[in-house]
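S.K.: Take a look at input.txt, compact mmCIF, C-alpha atoms and all ligand atoms:
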# COMPACT_ATOMS: atom_id res chain seq x y z
CA MET A 3 -29.79 -12.98 8.11
CA SER A 4 -30.87 -9.36 8.24
CA SER A 5 -32.67 -8.77 11.51
CA PRO A 6 -30.46 -8.62 14.58
CA THR A 7 -31.24 -11.25 17.19
CA ARG A 8 -31.50 -10.28 20.83
CA GLY A 9 -28.07 -10.26 22.44
CA ASP A 10 -26.22 -10.27 19.13
CA LYS A 11 -23.99 -7.42 18.16
CA ALA A 12 -25.09 -5.85 14.91
CA LEU A 13 -21.45 -6.16 13.85
CA ASP A 14 -18.93 -8.52 15.38
CA ALA A 15 -15.81 -8.92 13.27
CA ARG A 16 -12.25 -10.02 13.77
CA ILE A 17 -10.39 -9.51 10.54
CA ARG A 18 -7.15 -11.44 10.21
CA LEU A 19 -5.35 -11.68 6.88
CA SER A 20 -2.07 -10.78 5.17
CA ARG A 21 -1.97 -8.08 2.55
CA GLY A 22 1.36 -7.23 0.98
CA ALA A 23 3.79 -6.99 3.86
CA THR A 24 1.05 -6.09 6.36
CA GLU A 25 -0.43 -8.58 8.81
CA VAL A 26 -3.90 -7.25 9.47
CA ASP A 27 -5.60 -8.07 12.78
CA VAL A 28 -8.51 -5.74 13.36
CA SER A 29 -11.56 -6.22 15.58
CA LEU A 30 -14.68 -4.19 14.91
CA THR A 31 -17.88 -4.39 16.90
CA ALA A 32 -20.97 -2.21 16.87
CA GLU A 33 -24.53 -1.95 18.08
CA PRO A 34 -27.39 -1.29 15.63
CA GLY A 35 -27.34 2.25 14.25
CA GLN A 36 -23.76 2.94 15.30
CA VAL A 37 -21.18 4.61 13.09
CA ILE A 38 -17.66 3.23 13.56
CA GLY A 39 -14.95 5.60 12.32
CA VAL A 40 -11.79 3.81 11.18
CA LEU A 41 -8.72 6.03 11.00
CA GLY A 42 -5.03 5.49 10.46
CA PRO A 43 -1.99 6.34 8.38
CA ASN A 44 -1.59 5.27 4.75
CA GLY A 45 -1.18 1.58 4.22
CA GLY A 46 -2.38 0.77 7.74
CA GLY A 47 -5.09 -1.67 6.66
CA LYS A 48 -8.29 0.36 6.63
CA THR A 49 -9.36 -0.44 3.06
CA THR A 50 -8.24 -4.04 3.54
CA SER A 51 -10.63 -4.29 6.50
CA VAL A 52 -13.50 -2.84 4.45
CA LEU A 53 -12.81 -5.26 1.59
CA ALA A 54 -12.82 -8.17 4.04
CA LEU A 55 -16.18 -7.07 5.44
CA ALA A 56 -17.54 -6.79 1.90
CA GLY A 57 -16.32 -10.30 1.13
CA VAL A 58 -13.85 -9.25 -1.55
CA LEU A 59 -10.86 -10.43 0.50
CA PRO A 60 -11.01 -13.76 2.38
CA LEU A 61 -10.03 -13.99 6.05
CA THR A 62 -7.25 -16.35 7.00
CA GLU A 63 -8.61 -16.36 10.55
CA GLY A 64 -11.31 -14.61 12.51
CA HIS A 65 -14.96 -14.03 11.72
CA VAL A 66 -17.50 -11.59 10.37
CA ARG A 67 -20.94 -11.78 11.97
CA VAL A 68 -23.62 -9.29 11.13
CA GLY A 69 -26.86 -9.33 13.11
CA GLY A 70 -25.99 -12.78 14.38
CA ALA A 71 -25.59 -14.21 10.85
CA VAL A 72 -22.17 -15.62 9.96
CA TRP A 73 -20.73 -14.03 6.83
CA ASP A 74 -17.24 -15.45 7.27
CA ASP A 75 -15.85 -17.78 9.89
CA GLY A 76 -12.36 -18.11 8.42
CA ARG A 77 -13.36 -21.33 6.60
CA ARG A 78 -16.62 -20.69 4.82
CA ARG A 79 -17.68 -17.31 3.60
CA LEU A 80 -20.56 -15.68 1.84
CA ALA A 81 -19.76 -14.22 -1.58
CA PRO A 82 -19.92 -10.40 -1.80
CA GLU A 83 -23.32 -10.48 -3.55
CA GLN A 84 -24.75 -12.65 -0.75
CA ARG A 85 -23.90 -10.01 1.87
CA GLN A 86 -26.29 -7.22 2.73
CA VAL A 87 -23.66 -4.56 2.19
CA GLY A 88 -23.89 -1.02 0.85
CA LEU A 89 -20.64 0.50 -0.40
CA MET A 90 -19.66 4.09 -1.07
CA LEU A 91 -16.17 5.16 -2.11
CA ALA A 92 -14.39 8.46 -2.80
CA ASP A 93 -15.15 7.97 -6.49
CA SER A 94 -18.94 7.84 -6.66
CA LEU A 95 -18.68 5.35 -9.58
CA LEU A 96 -22.13 6.23 -10.90
CA PHE A 97 -23.16 4.85 -14.28
CA PRO A 98 -22.67 7.89 -16.54
CA HIS A 99 -25.43 6.95 -18.99
CA LEU A 100 -28.10 6.34 -16.34
CA ARG A 101 -30.14 9.09 -14.71
CA ALA A 102 -29.91 9.46 -10.93
CA LEU A 103 -33.11 7.46 -10.36
CA ASP A 104 -31.87 4.46 -12.32
CA ASN A 105 -28.43 4.62 -10.74
CA VAL A 106 -30.11 4.26 -7.36
CA ALA A 107 -32.64 1.67 -8.61
CA PHE A 108 -29.81 -0.45 -10.01
CA GLY A 109 -29.09 -2.23 -6.70
CA PRO A 110 -32.65 -3.35 -5.96
CA ARG A 111 -33.15 -4.26 -9.66
CA SER A 112 -30.08 -6.47 -9.67
CA ARG A 113 -31.46 -8.20 -6.56
CA GLY A 114 -34.60 -9.09 -8.45
CA VAL A 115 -36.93 -6.30 -7.33
CA PRO A 116 -39.42 -5.46 -10.12
CA ARG A 117 -38.65 -2.24 -12.03
CA HIS A 118 -41.60 -0.27 -10.68
CA ARG A 119 -40.87 -1.11 -7.05
CA ALA A 120 -37.14 -0.55 -7.49
CA ARG A 121 -37.86 2.94 -8.86
CA GLU A 122 -40.25 3.71 -6.01
CA ARG A 123 -37.54 2.73 -3.57
CA ALA A 124 -34.95 4.79 -5.44
CA ARG A 125 -37.29 7.80 -5.35
CA THR A 126 -37.58 7.47 -1.56
CA GLU A 127 -33.81 7.23 -1.17
CA LEU A 128 -33.23 10.29 -3.38
CA GLU A 129 -35.77 12.22 -1.28
CA ARG A 130 -33.92 11.23 1.89
CA VAL A 131 -30.72 12.82 0.56
CA GLY A 132 -32.56 15.92 -0.67
CA LEU A 133 -32.40 15.12 -4.38
CA ALA A 134 -36.07 14.46 -5.18
CA ASP A 135 -35.97 17.11 -7.91
CA ARG A 136 -32.87 15.70 -9.63
CA GLU A 137 -34.02 12.15 -10.36
CA SER A 138 -33.81 12.65 -14.13
CA SER A 139 -30.30 14.16 -14.11
CA ARG A 140 -27.35 12.21 -15.47
CA PRO A 141 -24.24 12.21 -13.24
CA ARG A 142 -22.45 14.80 -15.43
CA GLU A 143 -25.32 17.23 -14.84
CA LEU A 144 -24.86 16.99 -11.07
CA SER A 145 -22.32 18.72 -8.83
CA SER A 146 -19.70 16.60 -7.07
CA GLY A 147 -21.63 16.90 -3.79
CA GLN A 148 -24.87 15.82 -5.48
CA GLN A 149 -23.09 12.87 -7.09
CA ALA A 150 -21.86 11.84 -3.64
CA ARG A 151 -25.43 12.01 -2.31
CA VAL A 152 -26.68 9.84 -5.22
CA ALA A 153 -23.91 7.35 -4.39
CA LEU A 154 -25.10 7.31 -0.77
CA ALA A 155 -28.72 6.82 -1.86
CA ARG A 156 -27.58 3.96 -4.08
CA ALA A 157 -25.61 2.34 -1.25
CA LEU A 158 -28.70 2.42 0.99
CA ALA A 159 -31.32 1.40 -1.59
CA THR A 160 -30.75 -2.31 -0.99
CA ASP A 161 -31.44 -2.09 2.77
CA PRO A 162 -27.92 -3.08 3.76
CA ALA A 163 -27.27 -4.39 7.26
CA LEU A 164 -23.75 -2.95 6.92
CA LEU A 165 -22.90 0.31 5.20
CA LEU A 166 -19.24 0.66 4.22
CA LEU A 167 -18.02 4.19 3.48
CA ASP A 168 -14.38 4.36 2.34
CA GLU A 169 -13.24 8.00 2.22
CA PRO A 170 -16.72 9.01 0.99
CA LEU A 171 -15.95 12.75 1.02
CA ALA A 172 -12.30 12.67 -0.05
CA ALA A 173 -12.92 13.80 -3.63
CA LEU A 174 -14.90 16.91 -2.63
CA ASP A 175 -13.56 20.45 -2.22
CA ALA A 176 -13.64 21.96 1.27
CA ASP A 177 -17.00 23.78 1.01
CA THR A 178 -18.80 20.91 -0.70
CA ARG A 179 -17.24 18.54 1.77
CA ALA A 180 -18.60 20.47 4.75
CA ARG A 181 -22.12 20.57 3.31
CA THR A 182 -22.08 16.93 2.20
CA ARG A 183 -20.74 15.94 5.63
CA SER A 184 -23.82 17.38 7.29
CA ASP A 185 -26.13 15.73 4.71
CA LEU A 186 -24.36 12.45 5.44
CA ALA A 187 -24.75 12.94 9.20
CA ALA A 188 -28.49 13.55 8.79
CA ARG A 189 -28.96 10.46 6.62
CA LEU A 190 -26.88 8.21 8.88
CA ALA A 191 -28.91 9.31 11.92
CA ALA A 192 -31.98 7.75 10.27
CA TYR A 193 -30.21 4.51 9.26
CA ASP A 194 -30.54 1.62 11.69
CA GLY A 195 -27.80 -0.64 10.30
CA VAL A 196 -24.12 -0.38 11.19
CA THR A 197 -21.87 2.05 9.31
CA VAL A 198 -18.13 1.59 8.99
CA LEU A 199 -16.59 4.87 7.89
CA VAL A 200 -12.96 4.92 6.76
CA THR A 201 -11.49 8.39 6.69
CA HIS A 202 -8.28 10.39 6.91
CA ASP A 203 -10.14 13.46 7.98
CA PRO A 204 -10.38 13.92 11.77
CA LEU A 205 -13.39 16.19 11.30
CA ASP A 206 -15.31 13.47 9.41
CA ALA A 207 -14.52 11.02 12.17
CA LEU A 208 -15.24 13.32 15.08
CA THR A 209 -18.51 14.62 13.69
CA LEU A 210 -19.92 11.45 12.10
CA ALA A 211 -18.72 8.54 14.22
CA ASP A 212 -19.99 7.26 17.59
CA HIS A 213 -16.91 5.19 18.12
CA LEU A 214 -13.39 5.41 16.68
CA VAL A 215 -10.94 2.65 15.83
CA PHE A 216 -7.36 3.57 14.92
CA VAL A 217 -5.53 1.09 12.72
CA GLU A 218 -1.77 1.40 12.31
CA ASP A 219 0.40 -1.16 10.53
CA GLY A 220 -2.48 -3.65 10.54
CA GLN A 221 -3.15 -3.42 14.29
CA VAL A 222 -5.68 -1.52 16.38
CA THR A 223 -3.77 1.07 18.41
CA GLN A 224 -6.69 2.82 20.10
CA THR A 225 -10.46 2.64 20.33
CA GLY A 226 -12.95 4.85 22.09
CA THR A 227 -15.60 7.51 21.71
CA PRO A 228 -14.46 10.73 20.03
CA ALA A 229 -14.45 12.43 23.47
CA GLU A 230 -12.26 9.69 24.98
CA VAL A 231 -9.80 9.79 22.10
CA LEU A 232 -9.65 13.58 22.13
CA SER A 233 -8.80 13.69 25.80
CA GLU A 234 -6.42 10.74 25.97
CA PRO A 235 -4.59 9.94 22.72
CA ARG A 236 -2.45 6.82 23.02
CA SER A 237 -0.19 6.79 19.97
CA ALA A 238 1.87 9.43 18.17
CA TYR A 239 -0.50 9.18 15.18
CA VAL A 240 -3.61 9.66 17.33
CA GLY A 241 -1.90 12.62 19.02
CA THR A 242 -1.41 14.24 15.61
CA VAL A 243 -5.01 13.55 14.58
CA VAL A 244 -6.43 15.19 17.70
CA GLY A 245 -3.91 18.03 17.45
CA LEU A 246 -2.07 17.54 20.77
CA ASN A 247 1.63 17.31 21.52
CA LEU A 248 1.98 13.82 22.95
CA TYR A 249 4.94 12.29 24.77
CA ALA A 250 5.58 8.83 26.14
CA GLY A 251 7.53 9.13 29.38
CA GLN A 252 8.19 8.06 32.92
CA GLY A 253 6.41 10.06 35.61
CA ASP A 254 7.35 10.52 39.27
CA SER A 255 5.47 11.65 42.37
CA HIS A 256 6.92 15.18 42.10
CA GLY A 257 5.23 15.92 38.79
CA HIS A 258 8.27 15.32 36.59
CA VAL A 259 7.91 13.39 33.33
CA ARG A 260 11.05 12.28 31.52
CA THR A 261 10.68 11.32 27.87
CA ALA A 262 12.74 8.58 26.23
CA ASP A 263 14.74 11.26 24.36
CA GLY A 264 15.77 12.97 27.59
CA GLY A 265 13.12 15.72 27.56
CA LEU A 266 11.63 16.88 30.85
CA LEU A 267 8.08 18.10 31.47
CA VAL A 268 6.71 19.44 34.72
CA THR A 269 3.05 18.96 35.57
CA THR A 270 0.84 19.91 38.49
CA SER A 271 -1.02 16.59 38.15
CA PRO A 272 1.62 13.95 38.84
CA THR A 273 1.09 10.43 37.58
CA GLU A 274 3.68 7.86 38.55
CA GLY A 275 5.02 5.21 36.22
CA ARG A 276 4.75 4.78 32.45
CA VAL A 277 2.70 7.76 31.34
CA TRP A 278 1.52 9.76 28.41
CA ALA A 279 1.84 13.54 28.72
CA THR A 280 -0.07 15.98 26.53
CA VAL A 281 0.45 19.66 25.79
CA PRO A 282 -2.13 21.58 23.73
CA PRO A 283 -0.35 23.63 21.03
CA SER A 284 -2.41 26.66 22.06
CA ALA A 285 -0.86 26.46 25.54
CA VAL A 286 2.67 27.04 24.20
CA SER A 287 3.96 30.63 24.22
CA LEU A 288 7.05 31.68 22.28
CA HIS A 289 9.62 34.27 23.37
CA LEU A 290 12.84 35.75 22.05
CA HIS A 291 14.30 35.95 25.59
CA VAL A 292 13.93 33.79 28.66
CA PRO A 293 10.29 34.30 29.64
CA GLU A 294 9.61 36.26 32.82
CA GLY A 295 7.66 34.83 35.73
CA SER A 296 9.53 31.55 35.04
CA PRO A 297 6.84 29.10 33.92
CA ARG A 298 7.84 25.64 35.10
CA ASN A 299 8.44 24.43 31.54
CA THR A 300 10.82 26.43 29.37
CA TRP A 301 12.88 25.07 26.53
CA ARG A 302 15.30 26.62 24.06
CA LEU A 303 14.13 25.18 20.72
CA ARG A 304 14.68 25.75 17.01
CA ILE A 305 11.89 26.61 14.59
CA ALA A 306 11.57 23.88 11.95
CA SER A 307 8.35 25.02 10.27
CA VAL A 308 5.75 27.77 10.28
CA THR A 309 2.38 27.10 8.64
CA MET A 310 -0.64 29.37 8.53
CA GLN A 311 -4.01 28.12 9.71
CA GLY A 312 -6.73 30.73 9.43
CA GLN A 313 -5.94 33.50 11.92
CA SER A 314 -3.20 31.55 13.66
CA ALA A 315 0.07 29.84 12.80
CA ARG A 316 1.41 26.47 13.78
CA VAL A 317 5.08 26.56 14.62
CA GLY A 318 6.98 23.28 14.59
CA LEU A 319 9.89 23.30 17.07
CA VAL A 320 12.75 20.83 17.45
CA GLY A 321 15.28 20.29 20.22
CA ASP A 322 15.17 18.65 23.66
CA LEU A 323 11.40 18.33 23.37
CA PRO A 324 9.83 18.42 19.90
CA LEU A 325 6.82 20.68 20.19
CA THR A 326 4.13 22.30 18.06
CA ALA A 327 2.97 25.75 19.12
CA GLU A 328 -0.14 27.51 17.92
CA VAL A 329 0.32 31.27 18.05
CA THR A 330 -1.45 34.30 16.60
CA LEU A 331 -0.30 35.79 13.33
CA GLU A 332 0.48 38.94 15.33
CA SER A 333 3.00 36.98 17.39
CA VAL A 334 4.60 35.62 14.22
CA THR A 335 5.03 39.16 12.93
CA ALA A 336 5.94 40.79 16.25
CA LEU A 337 8.58 38.16 17.06
CA GLY A 338 9.71 37.91 13.43
CA LEU A 339 9.53 34.12 13.63
CA GLN A 340 11.61 32.39 10.93
CA VAL A 341 12.50 28.80 10.18
CA GLY A 342 15.96 28.07 11.64
CA GLN A 343 15.63 30.66 14.42
CA ASP A 344 16.13 29.70 18.10
CA VAL A 345 13.35 30.74 20.48
CA TRP A 346 12.18 30.07 24.02
CA ALA A 347 9.01 28.02 24.37
CA ALA A 348 7.08 28.08 27.64
CA VAL A 349 4.19 26.01 28.97
CA LYS A 350 2.54 26.29 32.38
CA ALA A 351 2.73 23.14 34.47
CA THR A 352 -1.08 23.26 34.77
CA GLU A 353 -1.34 22.75 30.98
CA VAL A 354 0.58 19.45 31.01
CA ARG A 355 -1.80 16.51 31.46
CA THR A 356 -0.62 13.02 32.29
CA TYR A 357 -2.28 9.60 32.29
CA LEU A 358 -1.05 6.05 32.48
CA ARG A 359 0.18 4.26 29.36
N1 LIG B 401 -3.90 -4.57 -4.28
C1 LIG B 401 -3.00 -4.83 -3.34
N2 LIG B 401 -2.17 -5.88 -3.43
C2 LIG B 401 -1.28 -6.17 -2.48
N3 LIG B 401 -1.09 -5.44 -1.38
C3 LIG B 401 -1.87 -4.38 -1.22
C4 LIG B 401 -2.87 -4.00 -2.18
N4 LIG B 401 -3.48 -2.90 -1.74
C5 LIG B 401 -2.91 -2.58 -0.56
N5 LIG B 401 -1.94 -3.46 -0.25
C6 LIG B 401 -1.10 -3.44 0.95
O1 LIG B 401 -1.93 -3.77 2.06
C7 LIG B 401 -1.57 -3.01 3.20
C8 LIG B 401 -2.78 -2.28 3.74
O2 LIG B 401 -3.25 -1.38 2.75
P1 LIG B 401 -4.66 -0.66 2.84
O3 LIG B 401 -5.00 -0.15 1.47
O4 LIG B 401 -5.64 -1.55 3.49
O5 LIG B 401 -4.34 0.53 3.81
P2 LIG B 401 -5.20 1.83 4.13
O6 LIG B 401 -5.11 1.97 5.62
O7 LIG B 401 -6.55 1.73 3.53
O8 LIG B 401 -4.33 2.94 3.44
P3 LIG B 401 -4.75 4.28 2.66
O9 LIG B 401 -5.08 5.24 3.75
O10 LIG B 401 -3.50 4.63 1.95
O11 LIG B 401 -5.90 3.96 1.77
C9 LIG B 401 -0.44 -2.10 2.76
O12 LIG B 401 0.77 -2.69 3.16
C10 LIG B 401 -0.55 -2.08 1.26
O13 LIG B 401 0.71 -1.86 0.67
Could you render the structure from this file as structure tokens?
M.R.:
Amino acid sequence: MSSPTRGDKALDARIRLSRGATEVDVSLTAEPGQVIGVLGPNGGGKTTSVLALAGVLPLTEGHVRVGGAVWDDGRRRLAPEQRQVGLMLADSLLFPHLRALDNVAFGPRSRGVPRHRARERARTELERVGLADRESSRPRELSSGQQARVALARALATDPALLLLDEPLAALDADTRARTRSDLAARLAAYDGVTVLVTHDPLDALTLADHLVFVEDGQVTQTGTPAEVLSEPRSAYVGTVVGLNLYAGQGDSHGHVRTADGGLLVTTSPTEGRVWATVPPSAVSLHLHVPEGSPRNTWRLRIASVTMQGQSARVGLVGDLPLTAEVTLESVTALGLQVGQDVWAAVKATEVRTYLR
């Protein structure tokens, strides 16, 4: 069941089931060693998909095949404990009374590995996550980042064919999260099974995953490599995740794109038909008066929000074409930008990209 057979995908799953009011239909495939990032809004079906892969939720239709072995074919399914799965969640769920070594050794022990060998294995896994010197610590003596690394070591100590990470870094503060993210990347690079990583954090997905799957309202709305998704988002949610203004519209041969709400964008790269158009927030300039030099795209819009982001501010604008602008803090001060104020927004036609829907 564990070793992939030639020609078999390491993971080949079609997950169909109902959960609450959501009809989930999600396909996930991967080659050995790949990390699949699963993203989507709340309640979309990400955790449901993970639970189905783990065998906690039964499929009503579809299949789960791992390394050519059938785990679920919609009729018969392996119980969770019969699946070679490693699981790591936002809550590390370590046993508080056990030291790190025994937390990690627990998996192999419960699969019948003799104590000595299980501890040897746990020692190796702790070394791989840089915690060789903390094997005797109880969870409460470890930082949140260290606890997450013990949880990862524990998930991998049973040689899983499939590693399921559901928001593994969500409970960590920003600094710890950044460091633990790079530890996780290093460990995953040396793991030859398939990883399914559920996350809300675009940075987790873009830095850790080889392939992304977006799940919205139970359905896959986009798949692709991080580079593909970054350059061509194909749903409003994906547009938000990759930080681009995204519009569905109708393009003509003159470089005009009309959105369903009556907005008009001008581009120097015309695409005819049903198109997506993107505008990077950093390409939007804001003005108190009609901008000079008449850029092809100018709109009179109202400021709905101003939020700081490091040295810049994101300005949410509403009107004929809802738009997010990213401007310097100096511009915010110099223009005296306030919520409720009307401003001119301008975008060069060369900054508007279009591609077929
Ligand atoms: N224990 C449960 N019982 C019944 N329905 C549930 C349960 N948990 C989740 N659901 C429903 O299943 C659907 C999918 O939820 P799921 O938790 O898989 O989404 P998610 O994408 O993981 O969301 P989140 O990002 O909020 O964790 C939602 O409609 C949700 O309300």
S.K.: Expressed in Å to a single decimal, how great is the separation between CA of Val26 in chain A and atom N5 of ligand LIG 401 (chain B)?
M.R.: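 If I compute the distance from CA of Val26 in chain A to atom N5 of ligand LIG 401 (chain B), I get 10.6 Å.
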S.K.: I want to know what sits within 10 Å of range 178-180 of chain A, based on all atoms listed in the file, with residues of the same chain fewer than 2 positions away left out; could you give that as a list in words?
M.R.: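 The residues that qualify are Ser145, Ser146, Gly147, Gln148, Ala150, Pro170, Leu171, Ala172, Ala173, Leu174, Asp175, Ala176, Thr182, Arg183, Ser184, Asp185, Leu186, Leu205 and Asp206 of chain A.
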S.K.: Counting all atoms listed in the file, what residues are within 10 Å of ligand LIG 401 (chain B), given as a ChimeraX atom specification?
M.R.: /A:19-26,40-54,168-169,200-202,216-220
S.K.: Have a look at A:Val87, A:Leu246, A:Leu323, A:Ala56 and name the one nearest to Ala163 in chain A; count all atoms listed in the file.
M.R.: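 Selected residue with least distance to Ala163 in chain A: A:Val87.
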S.K.: Report the distance between CA of Arg111 in chain A and CA of Arg140 in chain A in Å, rounded to one decimal place.
M.R.: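 We find that CA of Arg111 in chain A and CA of Arg140 in chain A lie 18.4 Å from each other.
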S.K.: Got a sec: who's within 9 Å of His289 in chain A, counting only C-alpha atoms, leaving out chain neighbours fewer than 3 positions off, as a VMD selection string?
M.R.: chain A and resid 292 to 293 337 345 to 348
S.K.: Suppose you want the space between CA of Leu288 in chain A and CA of Val354 in chain A; what is it in Å?
M.R.: 16.4 Å
S.K.: Restricting the calculation to all atoms listed in the file, which member of A:Ala207, A:Ala188, A:Ala155, A:Ala315 is positioned closest to Gly88 in chain A?
M.R.: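 Smallest separation from Gly88 in chain A among the options: A:Ala155.
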S.K.: Can you pull out every residue within 12 Å of Glu129 in chain A, counting only C-alpha atoms, but drop anything in the same chain fewer than 3 positions away, and send it as a PDB file with C-alpha atoms, in the coordinates of the input?
M.R.:
ATOM      1  CA  ALA A 102     -29.910   9.460 -10.930  1.00  0.00           C
ATOM      2  CA  LEU A 103     -33.110   7.460 -10.360  1.00  0.00           C
ATOM      3  CA  VAL A 106     -30.110   4.260  -7.360  1.00  0.00           C
ATOM      4  CA  GLU A 122     -40.250   3.710  -6.010  1.00  0.00           C
ATOM      5  CA  ARG A 123     -37.540   2.730  -3.570  1.00  0.00           C
ATOM      6  CA  ALA A 124     -34.950   4.790  -5.440  1.00  0.00           C
ATOM      7  CA  ARG A 125     -37.290   7.800  -5.350  1.00  0.00           C
ATOM      8  CA  THR A 126     -37.580   7.470  -1.560  1.00  0.00           C
ATOM      9  CA  GLY A 132     -32.560  15.920  -0.670  1.00  0.00           C
ATOM     10  CA  LEU A 133     -32.400  15.120  -4.380  1.00  0.00           C
ATOM     11  CA  ALA A 134     -36.070  14.460  -5.180  1.00  0.00           C
ATOM     12  CA  ASP A 135     -35.970  17.110  -7.910  1.00  0.00           C
ATOM     13  CA  ARG A 136     -32.870  15.700  -9.630  1.00  0.00           C
ATOM     14  CA  GLU A 137     -34.020  12.150 -10.360  1.00  0.00           C
ATOM     15  CA  ARG A 151     -25.430  12.010  -2.310  1.00  0.00           C
ATOM     16  CA  VAL A 152     -26.680   9.840  -5.220  1.00  0.00           C
ATOM     17  CA  LEU A 154     -25.100   7.310  -0.770  1.00  0.00           C
ATOM     18  CA  ALA A 155     -28.720   6.820  -1.860  1.00  0.00           C
ATOM     19  CA  ARG A 156     -27.580   3.960  -4.080  1.00  0.00           C
ATOM     20  CA  ALA A 159     -31.320   1.400  -1.590  1.00  0.00           C
ATOM     21  CA  ASP A 185     -26.130  15.730   4.710  1.00  0.00           C
ATOM     22  CA  ARG A 189     -28.960  10.460   6.620  1.00  0.00           C
TER      23      ARG A 189
END
S.K.: What are the centre and edge lengths in Å, to one decimal, of the axis-aligned box around all listed atoms of range 249-263 of chain A with 3 Å added on each side, as AutoDock Vina command-line options?
M.R.:
--center_x 9.8 --center_y 12.0 --center_z 33.4 --size_x 15.8 --size_y 13.9 --size_z 24.0
S.K.: If you count only C-alpha atoms, which residues fall within 12 Å of Glu353 in chain A, apart from same-chain ones fewer than 3 positions away, as a PyMOL selection string?
M.R.: chain A and resi 246-247+267-271+279-287+297-299+348-350+356
S.K.: Write out as a list of chain:residue names the residues lying within 7 Å of Gln36 in chain A, counting all atoms listed in the file and excluding same-chain residues fewer than 5 positions away.
M.R.: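 What passes the distance filter is A:Val196, A:Thr197, A:Asp212.
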S.K.: Find the residue from A:Val28, A:Ala351, A:Leu89, A:Ile38 that sits nearest to Glu63 in chain A; use only C-alpha atoms when measuring.
M.R.: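 Of the candidates, the smallest distance to Glu63 in chain A is held by A:Val28.
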S.K.: Measuring between all atoms listed in the file, which one of A:Ile305, A:Gly257, A:Thr326, A:Val37 shows the shortest distance to Asp194 in chain A?
M.R.: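 Residue with the minimum atom-to-atom distance to Asp194 in chain A: A:Val37.
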S.K.: Return the single residue from A:Phe108, A:Pro204, A:His256, A:Val222 that is closest to Gly241 in chain A, with distances computed using all atoms listed in the file.
M.R.: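 Ranking A:Phe108, A:Pro204, A:His256, A:Val222 by distance to Gly241 in chain A, first place goes to A:Pro204.
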S.K.: Determine, counting all atoms listed in the file, every residue of protein, DNA or RNA that lies within 12 Å of (-16.0, -23.1, 7.0) in the file coordinates, then give the result as a list in words.
M.R.: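 Collected hits near the coordinates: Pro60, Leu61, Thr62, Glu63, Gly64, His65, Val72, Trp73, Asp74, Asp75, Gly76, Arg77, Arg78, Arg79 and Leu80 of chain A.
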S.K.: Which is closest to Arg113 in chain A among A:Glu83, A:Glu33, A:Glu230, A:Glu274, if we use only C-alpha atoms?
M.R.: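 Ranking A:Glu83, A:Glu33, A:Glu230, A:Glu274 by distance to Arg113 in chain A, first place goes to A:Glu83.
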S.K.: Please produce range 249-260 of chain A, completed to N, CA and C atoms, as a PDB file, keeping the file's coordinate frame.
M.R.:
ATOM      1  N   TYR A 249       3.640  12.863  24.423  1.00  0.00           N
ATOM      2  CA  TYR A 249       4.940  12.290  24.770  1.00  0.00           C
ATOM      3  C   TYR A 249       4.751  11.037  25.599  1.00  0.00           C
ATOM      4  N   ALA A 250       5.531  10.018  25.281  1.00  0.00           N
ATOM      5  CA  ALA A 250       5.580   8.830  26.140  1.00  0.00           C
ATOM      6  C   ALA A 250       6.717   9.072  27.118  1.00  0.00           C
ATOM      7  N   GLY A 251       6.469   8.862  28.406  1.00  0.00           N
ATOM      8  CA  GLY A 251       7.530   9.130  29.380  1.00  0.00           C
ATOM      9  C   GLY A 251       7.352   8.342  30.647  1.00  0.00           C
ATOM     10  N   GLN A 252       8.206   8.686  31.593  1.00  0.00           N
ATOM     11  CA  GLN A 252       8.190   8.060  32.920  1.00  0.00           C
ATOM     12  C   GLN A 252       7.886   9.165  33.924  1.00  0.00           C
ATOM     13  N   GLY A 253       6.798   9.008  34.668  1.00  0.00           N
ATOM     14  CA  GLY A 253       6.410  10.060  35.610  1.00  0.00           C
ATOM     15  C   GLY A 253       6.825   9.723  37.030  1.00  0.00           C
ATOM     16  N   ASP A 254       7.082  10.772  37.851  1.00  0.00           N
ATOM     17  CA  ASP A 254       7.350  10.520  39.270  1.00  0.00           C
ATOM     18  C   ASP A 254       6.359  11.283  40.145  1.00  0.00           C
ATOM     19  N   SER A 255       6.470  11.086  41.450  1.00  0.00           N
ATOM     20  CA  SER A 255       5.470  11.650  42.370  1.00  0.00           C
ATOM     21  C   SER A 255       5.628  13.166  42.527  1.00  0.00           C
ATOM     22  N   HIS A 256       6.712  13.735  41.984  1.00  0.00           N
ATOM     23  CA  HIS A 256       6.920  15.180  42.100  1.00  0.00           C
ATOM     24  C   HIS A 256       6.398  15.941  40.888  1.00  0.00           C
ATOM     25  N   GLY A 257       5.769  15.223  39.963  1.00  0.00           N
ATOM     26  CA  GLY A 257       5.230  15.920  38.790  1.00  0.00           C
ATOM     27  C   GLY A 257       6.241  16.091  37.680  1.00  0.00           C
ATOM     28  N   HIS A 258       7.300  15.274  37.686  1.00  0.00           N
ATOM     29  CA  HIS A 258       8.270  15.320  36.590  1.00  0.00           C
ATOM     30  C   HIS A 258       8.010  14.157  35.642  1.00  0.00           C
ATOM     31  N   VAL A 259       8.030  14.445  34.336  1.00  0.00           N
ATOM     32  CA  VAL A 259       7.910  13.390  33.330  1.00  0.00           C
ATOM     33  C   VAL A 259       9.136  13.439  32.440  1.00  0.00           C
ATOM     34  N   ARG A 260       9.873  12.343  32.401  1.00  0.00           N
ATOM     35  CA  ARG A 260      11.050  12.280  31.520  1.00  0.00           C
ATOM     36  C   ARG A 260      10.701  11.457  30.294  1.00  0.00           C
TER      37      ARG A 260
END
